[in-house]
Amino acid sequence: MKILGIDPGTVVMGYGIIEGGDDRVVFIDCGAISVPKHLKGGERLEHIYHGLTDIIRHHHPDVMAIEQPFVAKNARSALAIGRAQAVALLAAALSGIPAYEYTPAHVKQTVASYGASSKEQVQEMVRLQLGLAEPPQPSDAADALAVALCHCREVHLSDLLTGQQR
């Protein structure tokens, strides 16, 4: 199963692609869709949408896993991330790809075994689990790979519980 992980943002949207099945996980690609600073509002979302659909067309993922916005200190930032999340959900739906959403704490718990892990701890765990020489860059891409790994682990656990194998 090819998984496209998404770390949503309206300035930078991280993406990470892995191939997972049973106990194996293989790194395929990662990066970020960066939005030019001069773009405003809907133009930003359009830029993200087109970048994401290009990635989908190029890699043909089976599923998309998206990190949900974290609302703590800055509600305006959470709303902007929610818009980027909605664009990712739309791109998945229009491409016929099922999408799954995970909270940041769930991603951290699944990937780093601690729901309050630091960004650096998560990046290091992503590096180790994918057998990479260096943590993926930019950090948004590492976060997106963590979301993809989280989904892969969730599917694997579900399969074990139901007695299925992929």
# chains A, B, ... in the order shown; residues from 1 in each chain; ligands from 1
>>> select_by_dssp(residues="chain A", states="strand (DSSP E or B)", output="PyMOL selection string")
chain A and resi 2-7+12-21+24-34+63-67+99-102
>>> write_last_selection(atoms="C-alpha atoms", output="compact mmCIF listing (two decimals), in the first residue's frame")
# COMPACT_ATOMS: atom_id res chain seq x y z
CA LYS A 2 1.41 3.37 -1.03
CA ILE A 3 0.63 6.08 1.55
CA LEU A 4 0.82 9.83 0.98
CA GLY A 5 1.23 11.62 4.32
CA ILE A 6 0.34 15.30 4.58
CA ASP A 7 1.44 17.95 7.09
CA VAL A 12 4.40 25.20 3.44
CA MET A 13 2.61 21.86 3.04
CA GLY A 14 4.81 18.88 3.79
CA TYR A 15 4.31 15.58 2.01
CA GLY A 16 5.86 12.17 2.47
CA ILE A 17 5.30 8.96 0.56
CA ILE A 18 6.01 5.47 1.83
CA GLU A 19 5.18 1.95 0.70
CA GLY A 20 4.03 -0.22 3.56
CA GLY A 21 2.84 -3.75 4.08
CA ARG A 24 8.10 -3.61 6.02
CA VAL A 25 8.09 0.08 5.23
CA VAL A 26 9.96 1.66 2.33
CA PHE A 27 10.68 5.37 1.85
CA ILE A 28 9.67 6.66 -1.59
CA ASP A 29 9.75 10.46 -1.57
CA CYS A 30 9.20 13.56 0.53
CA GLY A 31 9.28 17.29 0.21
CA ALA A 32 7.19 20.40 0.59
CA ILE A 33 4.88 22.53 -1.46
CA SER A 34 6.00 26.09 -0.76
CA VAL A 63 -4.43 6.39 0.49
CA MET A 64 -3.79 9.79 2.01
CA ALA A 65 -3.12 10.36 5.71
CA ILE A 66 -3.51 13.94 6.96
CA GLU A 67 -2.54 15.52 10.25
CA ALA A 99 -8.24 9.98 3.25
CA TYR A 100 -7.64 9.40 6.95
CA GLU A 101 -7.03 12.03 9.60
CA TYR A 102 -4.87 11.77 12.71
>>> select_by_dssp(residues="chain A", states="helix (DSSP H, G or I)", output="ChimeraX atom specification")
/A:41-59,75-94,104-112,119-130,139-162
>>> residues_around(residues="Ser117 (chain A)", least_positions_apart="5", cutoff="9 Å", atoms="only C-alpha atoms", output="list in words")
Ala105, Lys108, Gln109, Ala112 and Val122 of chain A
>>> write_last_selection(atoms="N, CA and C atoms", output="mmCIF file, in the first residue's frame")
data_model
loop_
_atom_site.group_PDB
_atom_site.id
_atom_site.type_symbol
_atom_site.label_atom_id
_atom_site.label_comp_id
_atom_site.auth_asym_id
_atom_site.auth_seq_id
_atom_site.Cartn_x
_atom_site.Cartn_y
_atom_site.Cartn_z
ATOM 1 N N ALA A 105 -1.036 14.382 18.461
ATOM 2 C CA ALA A 105 -0.662 13.529 19.595
ATOM 3 C C ALA A 105 -0.691 12.048 19.214
ATOM 4 N N LYS A 108 2.426 11.294 17.100
ATOM 5 C CA LYS A 108 3.615 11.221 17.962
ATOM 6 C C LYS A 108 3.628 9.934 18.779
ATOM 7 N N GLN A 109 2.482 9.572 19.325
ATOM 8 C CA GLN A 109 2.386 8.349 20.131
ATOM 9 C C GLN A 109 2.718 7.127 19.287
ATOM 10 N N ALA A 112 6.684 7.742 17.822
ATOM 11 C CA ALA A 112 7.762 7.918 18.798
ATOM 12 C C ALA A 112 7.446 7.314 20.170
ATOM 13 N N VAL A 122 10.513 13.158 16.972
ATOM 14 C CA VAL A 122 9.722 12.560 15.896
ATOM 15 C C VAL A 122 10.564 12.450 14.628
#
>>> closest_residue(among="A:Glu43, A:Asp143, A:Glu120, A:Asp62", to="Met1 (chain A)", atoms="only C-alpha atoms")
A:Asp62
>>> atom_distance(atom1="CA of Pro36 (chain A)", atom2="CA of Ile81 (chain A)")
16.4 Å
>>> atom_distance(atom1="CA of Ile56 (chain A)", atom2="CA of His151 (chain A)")
17.3 Å
>>> atom_distance(atom1="CA of Ala146 (chain A)", atom2="CA of Ala88 (chain A)")
16.6 Å
>>> closest_residue(among="A:Thr10, A:Gln123, A:Ser158, A:Gln68", to="Arg44 (chain A)", atoms="only C-alpha atoms")
A:Thr10
>>> residues_around(residues="Val107 (chain A)", least_positions_apart="3", cutoff="7 Å", atoms="only C-alpha atoms", output="PyMOL selection string")
chain A and resi 102-104+110-111+146-147+150
>>> write_last_selection(atoms="C-alpha atoms", output="JSON list (two decimals), in the first residue's frame")
[["chain", "number", "residue", "atom", "x", "y", "z"],
["A", 102, "TYR", "CA", -4.87, 11.77, 12.71],
["A", 103, "THR", "CA", -4.28, 14.14, 15.60],
["A", 104, "PRO", "CA", -0.71, 15.33, 16.22],
["A", 110, "THR", "CA", 2.40, 5.92, 17.21],
["A", 111, "VAL", "CA", 5.74, 6.95, 15.71],
["A", 146, "ALA", "CA", 5.40, 10.57, 10.44],
["A", 147, "VAL", "CA", 1.70, 10.85, 9.49],
["A", 150, "CYS", "CA", 1.18, 6.41, 11.69]]
